[in-house]
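Trainee: So here's work-v7.pdb (PDB, C-alpha atoms).
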ATOM      1  CA  MET A   1     108.202  25.466  83.366
ATOM      2  CA  GLU A   2     111.441  23.744  84.321
ATOM      3  CA  LEU A   3     111.723  26.282  87.156
ATOM      4  CA  PHE A   4     108.528  25.053  88.826
ATOM      5  CA  VAL A   5     109.487  21.397  88.358
ATOM      6  CA  PHE A   6     112.899  22.094  89.853
ATOM      7  CA  LEU A   7     111.540  24.067  92.818
ATOM      8  CA  ILE A   8     108.862  21.531  93.743
ATOM      9  CA  ALA A   9     111.059  18.458  93.274
ATOM     10  CA  GLY A  10     114.004  20.142  94.994
ATOM     11  CA  ALA A  11     111.829  21.101  97.964
ATOM     12  CA  ALA A  12     110.583  17.491  98.189
ATOM     13  CA  CYS A  13     114.199  16.250  98.103
ATOM     14  CA  ILE A  14     115.406  18.553 100.864
ATOM     15  CA  ALA A  15     112.315  18.042 103.037
ATOM     16  CA  GLY A  16     112.708  14.272 102.717
ATOM     17  CA  ALA A  17     116.424  14.444 103.491
ATOM     18  CA  LEU A  18     115.804  16.526 106.616
ATOM     19  CA  GLY A  19     113.074  14.074 107.563
ATOM     20  CA  VAL A  20     115.522  11.152 107.392
ATOM     21  CA  VAL A  21     117.968  12.918 109.701
ATOM     22  CA  LEU A  22     115.511  14.519 112.147
ATOM     23  CA  ASN A  23     112.734  11.914 112.545
ATOM     24  CA  SER A  24     113.097  10.006 115.780
ATOM     25  CA  ASN A  25     111.049   7.063 114.482
ATOM     26  CA  PRO A  26     113.018   4.975 111.923
ATOM     27  CA  VAL A  27     109.831   4.056 110.024
ATOM     28  CA  HIS A  28     109.060   7.739 109.464
ATOM     29  CA  ALA A  29     112.671   8.255 108.383
ATOM     30  CA  ALA A  30     112.305   5.473 105.790
ATOM     31  CA  LEU A  31     109.098   7.051 104.487
ATOM     32  CA  SER A  32     110.814  10.454 104.238
ATOM     33  CA  LEU A  33     113.521   8.753 102.199
ATOM     34  CA  VAL A  34     110.849   7.859  99.607
ATOM     35  CA  GLY A  35     110.129  11.599  99.208
ATOM     36  CA  THR A  36     113.772  12.315  98.435
ATOM     37  CA  LEU A  37     114.100   9.390  96.032
ATOM     38  CA  PHE A  38     110.935  10.403  94.198
ATOM     39  CA  GLY A  39     112.066  14.030  93.952
ATOM     40  CA  ILE A  40     115.355  12.896  92.450
ATOM     41  CA  ALA A  41     113.457  10.739  89.930
ATOM     42  CA  VAL A  42     111.475  13.845  88.872
ATOM     43  CA  LEU A  43     114.734  15.784  88.474
ATOM     44  CA  PHE A  44     116.071  12.924  86.291
ATOM     45  CA  VAL A  45     113.032  13.309  84.011
ATOM     46  CA  ALA A  46     113.616  17.077  83.879
ATOM     47  CA  GLN A  47     117.144  16.323  82.650
ATOM     48  CA  GLU A  48     116.065  13.926  79.872
ATOM     49  CA  ALA A  49     117.131  10.774  81.725
ATOM     50  CA  SER A  50     113.711   9.112  81.773
ATOM     51  CA  PHE A  51     115.040   5.522  81.871
ATOM     52  CA  LEU A  52     117.098   6.281  84.968
ATOM     53  CA  ALA A  53     114.055   7.932  86.548
ATOM     54  CA  ALA A  54     112.050   4.739  86.055
ATOM     55  CA  VAL A  55     114.889   2.622  87.442
ATOM     56  CA  GLN A  56     115.227   5.011  90.389
ATOM     57  CA  VAL A  57     111.572   4.579  91.329
ATOM     58  CA  ILE A  58     111.544   0.805  90.807
ATOM     59  CA  VAL A  59     114.864  -0.068  92.443
ATOM     60  CA  TYR A  60     115.150   2.554  95.193
ATOM     61  CA  ALA A  61     111.597   3.469  96.153
ATOM     62  CA  GLY A  62     110.302   0.031  95.259
ATOM     63  CA  ALA A  63     112.938  -2.433  96.418
ATOM     64  CA  ILE A  64     115.440  -0.774  98.735
ATOM     65  CA  VAL A  65     112.991   1.177 100.918
ATOM     66  CA  VAL A  66     110.727  -1.876 101.159
ATOM     67  CA  LEU A  67     113.775  -3.864 102.311
ATOM     68  CA  PHE A  68     114.477  -1.216 104.973
ATOM     69  CA  LEU A  69     110.867  -1.280 106.211
ATOM     70  CA  PHE A  70     110.892  -5.075 106.135
ATOM     71  CA  VAL A  71     113.945  -5.233 108.419
ATOM     72  CA  LEU A  72     112.544  -2.503 110.702
ATOM     73  CA  MET A  73     109.203  -4.187 111.219
ATOM     74  CA  LEU A  74     110.368  -7.808 111.168
ATOM     75  CA  LEU A  75     112.894  -7.203 113.945
ATOM     76  CA  GLY A  76     110.530  -4.928 115.874
ATOM     77  CA  VAL A  77     113.033  -2.095 116.121
ATOM     78  CA  ASP A  78     110.512   0.487 114.912
ATOM     79  CA  ARG A  79     110.298   2.263 118.275
ATOM     80  CA  SER A  80     111.031   5.971 118.564
ATOM     81  CA  GLU A  81     114.307   6.961 120.093
ATOM     82  CA  ASP A  82     115.023  10.026 122.180
ATOM     83  CA  LEU A  83     116.976  12.310 119.847
ATOM     84  CA  SER A  84     118.117  14.562 122.705
ATOM     85  CA  ILE A  85     120.255  11.750 124.152
ATOM     86  CA  GLU A  86     120.912   9.793 120.985
ATOM     87  CA  PRO A  87     124.025  11.664 119.862
ATOM     88  CA  LEU A  88     127.072  11.480 122.102
ATOM     89  CA  GLY A  89     126.462  15.041 123.309
ATOM     90  CA  ALA A  90     125.947  18.628 122.245
ATOM     91  CA  GLY A  91     129.600  19.029 121.267
ATOM     92  CA  HIS A  92     129.350  15.997 118.999
ATOM     93  CA  ARG A  93     126.287  17.432 117.285
ATOM     94  CA  ILE A  94     127.895  20.856 116.757
ATOM     95  CA  ALA A  95     131.021  19.209 115.365
ATOM     96  CA  ALA A  96     128.898  17.159 112.948
ATOM     97  CA  VAL A  97     127.099  20.283 111.665
ATOM     98  CA  VAL A  98     130.413  22.107 111.237
ATOM     99  CA  ILE A  99     131.790  19.179 109.226
ATOM    100  CA  GLY A 100     128.590  19.145 107.145
ATOM    101  CA  LEU A 101     128.896  22.850 106.383
ATOM    102  CA  ALA A 102     132.530  22.340 105.402
ATOM    103  CA  ILE A 103     131.505  19.517 103.044
ATOM    104  CA  LEU A 104     128.853  21.834 101.560
ATOM    105  CA  ALA A 105     131.241  24.791 101.228
ATOM    106  CA  LEU A 106     133.799  22.839  99.213
ATOM    107  CA  PRO A 107     131.682  22.170  96.070
ATOM    108  CA  LEU A 108     129.978  25.572  96.331
ATOM    109  CA  LEU A 109     133.371  27.299  96.208
ATOM    110  CA  ALA A 110     134.327  25.108  93.271
ATOM    111  CA  PHE A 111     131.146  26.099  91.383
ATOM    112  CA  ARG A 112     131.803  29.758  92.145
ATOM    113  CA  SER A 113     135.353  29.652  90.903
ATOM    114  CA  THR A 114     134.310  27.931  87.645
ATOM    115  CA  GLU A 115     131.184  30.113  87.312
ATOM    116  CA  GLY A 116     128.902  27.128  86.910
ATOM    117  CA  GLU A 117     130.645  25.803  83.814
ATOM    118  CA  ALA A 118     131.697  22.173  83.594
ATOM    119  CA  THR A 119     135.285  21.990  82.452
ATOM    120  CA  GLY A 120     135.403  18.400  81.194
ATOM    121  CA  ALA A 121     136.089  17.269  77.652
ATOM    122  CA  ARG A 122     132.996  17.288  75.457
ATOM    123  CA  PRO A 123     132.535  14.527  72.864
ATOM    124  CA  GLN A 124     132.700  15.538  69.212
ATOM    125  CA  PRO A 125     129.314  15.646  67.467
ATOM    126  CA  GLY A 126     128.680  12.166  66.071
ATOM    127  CA  ALA A 127     130.948  10.410  68.562
ATOM    128  CA  ALA A 128     129.614   7.208  70.126
ATOM    129  CA  ASP A 129     129.086   8.709  73.572
ATOM    130  CA  ALA A 130     127.649  12.064  72.479
ATOM    131  CA  ILE A 131     124.000  12.518  73.494
ATOM    132  CA  ASP A 132     121.744  12.535  70.444
ATOM    133  CA  HIS A 133     118.641  14.449  71.490
ATOM    134  CA  ASP A 134     116.494  12.831  68.785
ATOM    135  CA  ALA A 135     117.190   9.251  69.883
ATOM    136  CA  ALA A 136     115.705   7.648  72.995
ATOM    137  CA  ASP A 137     117.973   7.893  76.036
ATOM    138  CA  VAL A 138     117.495   4.207  76.830
ATOM    139  CA  ALA A 139     118.855   3.231  73.387
ATOM    140  CA  GLN A 140     121.983   5.331  73.894
ATOM    141  CA  LEU A 141     122.412   4.094  77.448
ATOM    142  CA  GLY A 142     122.110   0.477  76.312
ATOM    143  CA  GLU A 143     124.627   0.970  73.530
ATOM    144  CA  SER A 144     127.116   2.534  75.938
ATOM    145  CA  LEU A 145     126.519  -0.182  78.555
ATOM    146  CA  TYR A 146     126.870  -3.149  76.163
ATOM    147  CA  THR A 147     129.793  -1.873  74.106
ATOM    148  CA  THR A 148     132.110   0.520  75.953
ATOM    149  CA  TYR A 149     131.353  -0.752  79.461
ATOM    150  CA  LEU A 150     130.679  -4.427  78.679
ATOM    151  CA  PHE A 151     133.420  -5.724  80.976
ATOM    152  CA  ALA A 152     132.290  -3.551  83.893
ATOM    153  CA  PHE A 153     128.722  -4.702  83.264
ATOM    154  CA  GLU A 154     129.752  -8.353  83.483
ATOM    155  CA  ALA A 155     131.724  -7.594  86.649
ATOM    156  CA  THR A 156     128.584  -6.213  88.302
ATOM    157  CA  SER A 157     126.858  -9.559  87.757
ATOM    158  CA  VAL A 158     129.695 -11.248  89.692
ATOM    159  CA  LEU A 159     129.267  -8.595  92.404
ATOM    160  CA  LEU A 160     125.544  -9.349  92.695
ATOM    161  CA  VAL A 161     126.181 -13.102  92.992
ATOM    162  CA  ILE A 162     128.745 -12.471  95.749
ATOM    163  CA  ALA A 163     126.256 -10.183  97.530
ATOM    164  CA  VAL A 164     123.534 -12.850  97.426
ATOM    165  CA  VAL A 165     125.906 -15.526  98.786
ATOM    166  CA  GLY A 166     127.094 -13.124 101.492
ATOM    167  CA  ALA A 167     123.532 -12.291 102.523
ATOM    168  CA  VAL A 168     122.658 -15.993 102.843
ATOM    169  CA  VAL A 169     125.757 -16.679 104.964
ATOM    170  CA  LEU A 170     125.039 -13.680 107.210
ATOM    171  CA  ALA A 171     121.346 -14.324 107.667
ATOM    172  CA  ARG A 172     121.246 -18.058 108.426
ATOM    173  CA  LYS A 173     121.022 -19.328 111.948
ATOM    174  CA  VAL A 174     123.526 -22.019 112.930
ATOM    175  CA  LYS A 175     122.189 -24.681 115.281
ATOM    176  CA  ARG A 176     124.418 -25.889 118.138
ATOM    177  CA  ALA A 177     124.475 -29.476 116.880
ATOM    178  CA  ASP A 178     125.719 -28.429 113.437
ATOM    179  CA  LEU A 179     128.628 -26.428 114.764
ATOM    180  CA  VAL A 180     131.080 -29.359 114.604
ATOM    181  CA  ASP A 181     130.768 -30.122 110.891
ATOM    182  CA  ASP A 182     130.070 -26.590 109.818
ATOM    183  CA  PRO A 183     133.061 -25.367 107.813
ATOM    184  CA  LEU A 184     131.802 -21.786 108.049
ATOM    185  CA  VAL A 185     131.940 -21.637 111.831
ATOM    186  CA  LEU A 186     135.402 -21.491 113.338
ATOM    187  CA  ASP A 187     134.885 -22.609 116.917
ATOM    188  CA  ALA A 188     138.118 -22.685 118.859
ATOM    189  CA  SER A 189     136.742 -24.973 121.559
ATOM    190  CA  GLN A 190     135.888 -27.681 119.013
ATOM    191  CA  PRO A 191     138.986 -28.819 117.128
ATOM    192  CA  PRO A 192     138.213 -29.958 113.586
ATOM    193  CA  ALA A 193     137.864 -33.714 113.139
ATOM    194  CA  GLY A 194     141.211 -35.424 112.578
ATOM    195  CA  ALA A 195     143.263 -32.647 114.146
ATOM    196  CA  GLY A 196     145.175 -33.498 117.339
ATOM    197  CA  THR A 197     144.144 -36.267 119.774
TER     198      THR A 197
ATOM    199  CA  MET B   1     106.064  41.188  85.941
ATOM    200  CA  ILE B   2     108.356  38.783  87.718
ATOM    201  CA  ALA B   3     111.369  37.794  85.702
ATOM    202  CA  VAL B   4     111.362  34.009  85.465
ATOM    203  CA  ALA B   5     114.811  32.759  86.314
ATOM    204  CA  GLU B   6     116.415  30.213  84.028
ATOM    205  CA  VAL B   7     117.255  26.858  85.627
ATOM    206  CA  THR B   8     120.952  26.321  84.952
ATOM    207  CA  PRO B   9     122.763  23.013  85.581
ATOM    208  CA  ALA B  10     124.523  24.724  88.489
ATOM    209  CA  TRP B  11     121.221  24.690  90.392
ATOM    210  CA  TYR B  12     121.124  20.904  90.190
ATOM    211  CA  LEU B  13     124.738  20.688  91.329
ATOM    212  CA  VAL B  14     124.016  22.932  94.335
ATOM    213  CA  LEU B  15     120.968  20.817  95.217
ATOM    214  CA  GLY B  16     123.149  17.693  94.975
ATOM    215  CA  SER B  17     125.733  19.249  97.321
ATOM    216  CA  ILE B  18     123.034  20.192  99.841
ATOM    217  CA  LEU B  19     121.601  16.665  99.820
ATOM    218  CA  PHE B  20     125.083  15.185 100.203
ATOM    219  CA  SER B  21     125.836  17.422 103.207
ATOM    220  CA  ILE B  22     122.522  16.571 104.897
ATOM    221  CA  GLY B  23     123.320  12.884 104.425
ATOM    222  CA  ALA B  24     126.829  13.352 105.837
ATOM    223  CA  VAL B  25     125.540  15.207 108.904
ATOM    224  CA  GLY B  26     122.916  12.516 109.470
ATOM    225  CA  LEU B  27     125.572   9.814 109.248
ATOM    226  CA  LEU B  28     127.615  11.603 111.924
ATOM    227  CA  VAL B  29     124.716  12.508 114.236
ATOM    228  CA  ARG B  30     122.544   9.385 114.287
ATOM    229  CA  ARG B  31     123.449   6.204 116.204
ATOM    230  CA  ASN B  32     120.762   3.881 114.849
ATOM    231  CA  PRO B  33     122.508   1.668 112.255
ATOM    232  CA  LEU B  34     119.436   1.555 109.996
ATOM    233  CA  VAL B  35     119.061   5.343 109.914
ATOM    234  CA  MET B  36     122.795   5.701 109.285
ATOM    235  CA  PHE B  37     122.324   3.389 106.326
ATOM    236  CA  MET B  38     119.501   5.549 104.971
ATOM    237  CA  CYS B  39     121.836   8.549 105.194
ATOM    238  CA  VAL B  40     124.371   6.662 103.061
ATOM    239  CA  GLU B  41     121.631   6.109 100.469
ATOM    240  CA  LEU B  42     120.918   9.842 100.594
ATOM    241  CA  MET B  43     124.560  10.625  99.820
ATOM    242  CA  LEU B  44     124.620   8.090  96.959
ATOM    243  CA  ASN B  45     121.512   9.693  95.467
ATOM    244  CA  ALA B  46     123.031  13.167  95.667
ATOM    245  CA  VAL B  47     126.005  11.844  93.691
ATOM    246  CA  THR B  48     123.808  10.207  91.032
ATOM    247  CA  LEU B  49     121.967  13.520  90.597
ATOM    248  CA  THR B  50     125.330  15.206  90.051
ATOM    249  CA  PHE B  51     126.352  12.572  87.494
ATOM    250  CA  VAL B  52     123.135  13.009  85.486
ATOM    251  CA  THR B  53     123.569  16.785  85.574
ATOM    252  CA  PHE B  54     127.123  16.570  84.257
ATOM    253  CA  SER B  55     125.952  14.104  81.620
ATOM    254  CA  ARG B  56     123.550  16.758  80.320
ATOM    255  CA  MET B  57     126.017  19.627  80.709
ATOM    256  CA  LEU B  58     128.726  17.861  78.717
ATOM    257  CA  GLY B  59     126.410  16.149  76.219
ATOM    258  CA  ASP B  60     127.963  12.793  77.069
ATOM    259  CA  VAL B  61     125.906   9.687  77.858
ATOM    260  CA  ASP B  62     128.674   8.125  79.976
ATOM    261  CA  GLY B  63     127.457  10.007  83.048
ATOM    262  CA  GLN B  64     124.168   8.132  82.880
ATOM    263  CA  THR B  65     125.989   4.827  82.427
ATOM    264  CA  VAL B  66     127.879   5.440  85.663
ATOM    265  CA  VAL B  67     124.552   5.973  87.440
ATOM    266  CA  VAL B  68     123.467   2.465  86.393
ATOM    267  CA  PHE B  69     126.605   1.047  88.029
ATOM    268  CA  VAL B  70     126.032   3.145  91.156
ATOM    269  CA  LEU B  71     122.522   1.670  91.384
ATOM    270  CA  VAL B  72     123.867  -1.892  91.155
ATOM    271  CA  VAL B  73     126.542  -1.252  93.791
ATOM    272  CA  ALA B  74     123.960   0.428  96.057
ATOM    273  CA  ALA B  75     121.687  -2.613  95.770
ATOM    274  CA  ALA B  76     124.536  -5.003  96.647
ATOM    275  CA  GLU B  77     125.584  -2.749  99.520
ATOM    276  CA  VAL B  78     122.055  -2.685 100.945
ATOM    277  CA  VAL B  79     121.807  -6.480 100.808
ATOM    278  CA  ILE B  80     125.078  -7.004 102.702
ATOM    279  CA  GLY B  81     124.579  -4.085 105.084
ATOM    280  CA  LEU B  82     121.078  -5.122 106.087
ATOM    281  CA  GLY B  83     122.343  -8.698 106.545
ATOM    282  CA  ILE B  84     124.926  -7.439 109.033
ATOM    283  CA  ILE B  85     122.355  -5.214 110.782
ATOM    284  CA  VAL B  86     119.898  -8.127 111.074
ATOM    285  CA  ALA B  87     122.637 -10.284 112.618
ATOM    286  CA  LEU B  88     123.508  -7.442 115.016
ATOM    287  CA  LEU B  89     119.930  -6.635 116.087
ATOM    288  CA  ARG B  90     119.144 -10.333 116.520
ATOM    289  CA  LYS B  91     121.900 -10.619 119.133
ATOM    290  CA  GLN B  92     121.077  -7.357 120.871
ATOM    291  CA  PRO B  93     117.782  -5.652 119.905
ATOM    292  CA  THR B  94     118.803  -2.288 121.386
ATOM    293  CA  ALA B  95     122.146  -2.202 119.564
ATOM    294  CA  THR B  96     123.508   1.060 118.213
ATOM    295  CA  ALA B  97     126.428   1.597 115.850
ATOM    296  CA  ASP B  98     128.737   1.563 118.890
ATOM    297  CA  ASP B  99     127.771  -2.026 119.756
ATOM    298  CA  ILE B 100     128.893  -3.589 116.489
ATOM    299  CA  ASN B 101     131.573  -5.542 118.387
ATOM    300  CA  VAL B 102     128.914  -7.908 119.825
ATOM    301  CA  LEU B 103     129.219  -9.715 116.477
ATOM    302  CA  ARG B 104     132.795 -10.723 117.250
ATOM    303  CA  GLY B 105     133.594 -14.415 117.599
TER     304      GLY B 105
END
Could you express the structure from this file as structure tokens?
Mentor:
Amino acid sequence: MELFVFLIAGAACIAGALGVVLNSNPVHAALSLVGTLFGIAVLFVAQEASFLAAVQVIVYAGAIVVLFLFVLMLLGVDRSEDLSIEPLGAGHRIAAVVIGLAILALPLLAFRSTEGEATGARPQPGAADAIDHDAADVAQLGESLYTTYLFAFEATSVLLVIAVVGAVVLARKVKRADLVDDPLVLDASQPPAGAGT
Amino acid sequence: MIAVAEVTPAWYLVLGSILFSIGAVGLLVRRNPLVMFMCVELMLNAVTLTFVTFSRMLGDVDGQTVVVFVLVVAAAEVVIGLGIIVALLRKQPTATADDINVLRG
């Protein structure tokens, strides 16, 4: 049973990934990305991480891809591009594929040399971070997040606030008349009030 | 009778490596900043798949906790990255990743 789930979801993942790279239209690439993200969510369910699968669908397929499509269509950059001239040249493309194969070969060699066995430390049965297969995964995840990783969790909230402020600063349009008093715009031709003269 | 192969965690790890490589090649080959960004998301997803697989292999829930943090960082990264791309494409609608210097000054 898990074999069929793995094969179908894995095929969806790889087909979507190839679609992102090979589609000349960015909108089609974004839609292919949904296929990959959904396939990965299915693989999360197959590995007993159902909360992460739900978050994957809601955050990635729901929010991030919609944001991509929003930018694509709002700015009107959803035209197809000619893929035969888009890369710098044939040599560039061959070099990229060679680098990709090298990146692929590295983990595959590592798996071969360890014969597919993870060599990390396993938690003792009954330890706080050991997976208890009878309990819900979201309960264990929440306990880990709010006890062991509480400080990192709080730090991510600071990160999100900084990201929101950064997005507002990047996205706003500055009018010419406001340039003089705007502390965020450093215009060399307009000395700040009180300086010089 | 076809022998039904057992799905071992190594299969998931190999799938994660393949997805990561496809994302890396896409990042190197494409010039459109938005598509390059999608390739970065692809690579991040390959890594989260690997983390969940190791979490199951080792019987340790910490791998799944890391995935939550990766999701948060990916969301923040998308917000900032798309902000920069919007600013770039507003100045020059045909911009590619090579024209990022039009944002200077």
Trainee: Tell me, in Å to one decimal, how far CA of Ala87 (chain B) is from CA of Val72 (chain B).
Mentor: 23.1 Å
Trainee: Quick one: of B:Leu103, B:Val70, B:Leu28, B:Leu13, who's nearest to Ile84 (chain B), counting all atoms listed in the file?
Mentor: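 Smallest distance to Ile84 (chain B) is found for B:Leu103.
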Trainee: Counting all atoms listed in the file, which residues have an atom no more than 12 Å from (118.2, 11.6, 101.0) in the file's coordinates? Please list them as a PyMOL selection string.
Mentor: (chain A and resi 10-22+29-40+60-61+65) or (chain B and resi 15-27+35-49)
Trainee: I need the residues from that last selection saved to file as a PDB file, in the frame of the given file (with C-alpha atoms), if you can.
Mentor:
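Okay, part.pdb is ready:
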ATOM      1  CA  GLY A  10     114.004  20.142  94.994  1.00  0.00           C
ATOM      2  CA  ALA A  11     111.829  21.101  97.964  1.00  0.00           C
ATOM      3  CA  ALA A  12     110.583  17.491  98.189  1.00  0.00           C
ATOM      4  CA  CYS A  13     114.199  16.250  98.103  1.00  0.00           C
ATOM      5  CA  ILE A  14     115.406  18.553 100.864  1.00  0.00           C
ATOM      6  CA  ALA A  15     112.315  18.042 103.037  1.00  0.00           C
ATOM      7  CA  GLY A  16     112.708  14.272 102.717  1.00  0.00           C
ATOM      8  CA  ALA A  17     116.424  14.444 103.491  1.00  0.00           C
ATOM      9  CA  LEU A  18     115.804  16.526 106.616  1.00  0.00           C
ATOM     10  CA  GLY A  19     113.074  14.074 107.563  1.00  0.00           C
ATOM     11  CA  VAL A  20     115.522  11.152 107.392  1.00  0.00           C
ATOM     12  CA  VAL A  21     117.968  12.918 109.701  1.00  0.00           C
ATOM     13  CA  LEU A  22     115.511  14.519 112.147  1.00  0.00           C
ATOM     14  CA  ALA A  29     112.671   8.255 108.383  1.00  0.00           C
ATOM     15  CA  ALA A  30     112.305   5.473 105.790  1.00  0.00           C
ATOM     16  CA  LEU A  31     109.098   7.051 104.487  1.00  0.00           C
ATOM     17  CA  SER A  32     110.814  10.454 104.238  1.00  0.00           C
ATOM     18  CA  LEU A  33     113.521   8.753 102.199  1.00  0.00           C
ATOM     19  CA  VAL A  34     110.849   7.859  99.607  1.00  0.00           C
ATOM     20  CA  GLY A  35     110.129  11.599  99.208  1.00  0.00           C
ATOM     21  CA  THR A  36     113.772  12.315  98.435  1.00  0.00           C
ATOM     22  CA  LEU A  37     114.100   9.390  96.032  1.00  0.00           C
ATOM     23  CA  PHE A  38     110.935  10.403  94.198  1.00  0.00           C
ATOM     24  CA  GLY A  39     112.066  14.030  93.952  1.00  0.00           C
ATOM     25  CA  ILE A  40     115.355  12.896  92.450  1.00  0.00           C
ATOM     26  CA  TYR A  60     115.150   2.554  95.193  1.00  0.00           C
ATOM     27  CA  ALA A  61     111.597   3.469  96.153  1.00  0.00           C
ATOM     28  CA  VAL A  65     112.991   1.177 100.918  1.00  0.00           C
TER      29      VAL A  65
ATOM     30  CA  LEU B  15     120.968  20.817  95.217  1.00  0.00           C
ATOM     31  CA  GLY B  16     123.149  17.693  94.975  1.00  0.00           C
ATOM     32  CA  SER B  17     125.733  19.249  97.321  1.00  0.00           C
ATOM     33  CA  ILE B  18     123.034  20.192  99.841  1.00  0.00           C
ATOM     34  CA  LEU B  19     121.601  16.665  99.820  1.00  0.00           C
ATOM     35  CA  PHE B  20     125.083  15.185 100.203  1.00  0.00           C
ATOM     36  CA  SER B  21     125.836  17.422 103.207  1.00  0.00           C
ATOM     37  CA  ILE B  22     122.522  16.571 104.897  1.00  0.00           C
ATOM     38  CA  GLY B  23     123.320  12.884 104.425  1.00  0.00           C
ATOM     39  CA  ALA B  24     126.829  13.352 105.837  1.00  0.00           C
ATOM     40  CA  VAL B  25     125.540  15.207 108.904  1.00  0.00           C
ATOM     41  CA  GLY B  26     122.916  12.516 109.470  1.00  0.00           C
ATOM     42  CA  LEU B  27     125.572   9.814 109.248  1.00  0.00           C
ATOM     43  CA  VAL B  35     119.061   5.343 109.914  1.00  0.00           C
ATOM     44  CA  MET B  36     122.795   5.701 109.285  1.00  0.00           C
ATOM     45  CA  PHE B  37     122.324   3.389 106.326  1.00  0.00           C
ATOM     46  CA  MET B  38     119.501   5.549 104.971  1.00  0.00           C
ATOM     47  CA  CYS B  39     121.836   8.549 105.194  1.00  0.00           C
ATOM     48  CA  VAL B  40     124.371   6.662 103.061  1.00  0.00           C
ATOM     49  CA  GLU B  41     121.631   6.109 100.469  1.00  0.00           C
ATOM     50  CA  LEU B  42     120.918   9.842 100.594  1.00  0.00           C
ATOM     51  CA  MET B  43     124.560  10.625  99.820  1.00  0.00           C
ATOM     52  CA  LEU B  44     124.620   8.090  96.959  1.00  0.00           C
ATOM     53  CA  ASN B  45     121.512   9.693  95.467  1.00  0.00           C
ATOM     54  CA  ALA B  46     123.031  13.167  95.667  1.00  0.00           C
ATOM     55  CA  VAL B  47     126.005  11.844  93.691  1.00  0.00           C
ATOM     56  CA  THR B  48     123.808  10.207  91.032  1.00  0.00           C
ATOM     57  CA  LEU B  49     121.967  13.520  90.597  1.00  0.00           C
TER      58      LEU B  49
END
Trainee: Would you work out the distance separating CA of His92 (chain A) from CA of Val77 (chain A), expressed in Å to one decimal?
Mentor: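 For CA of His92 (chain A) relative to CA of Val77 (chain A), the distance reads 24.5 Å.
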Trainee: Suppose you want the space between CA of Phe151 (chain A) and CA of Thr65 (chain B); what is it in Å?
Mentor: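 Between CA of Phe151 (chain A) and CA of Thr65 (chain B) the gap works out to 13.0 Å.
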Trainee: For Val67 (chain B), please output as a ChimeraX atom specification all residues within 8 Å (counting only C-alpha atoms; exclusion window: fewer than 6 positions along the same chain).
Mentor: /A:52 /B:48,51-52
Trainee: Go ahead and write the residues just picked, C-alpha atoms, as a compact mmCIF listing (two decimals), keeping the file's coordinate frame.
Mentor:
# COMPACT_ATOMS: atom_id res chain seq x y z
CA LEU A 52 117.10 6.28 84.97
CA THR B 48 123.81 10.21 91.03
CA PHE B 51 126.35 12.57 87.49
CA VAL B 52 123.14 13.01 85.49
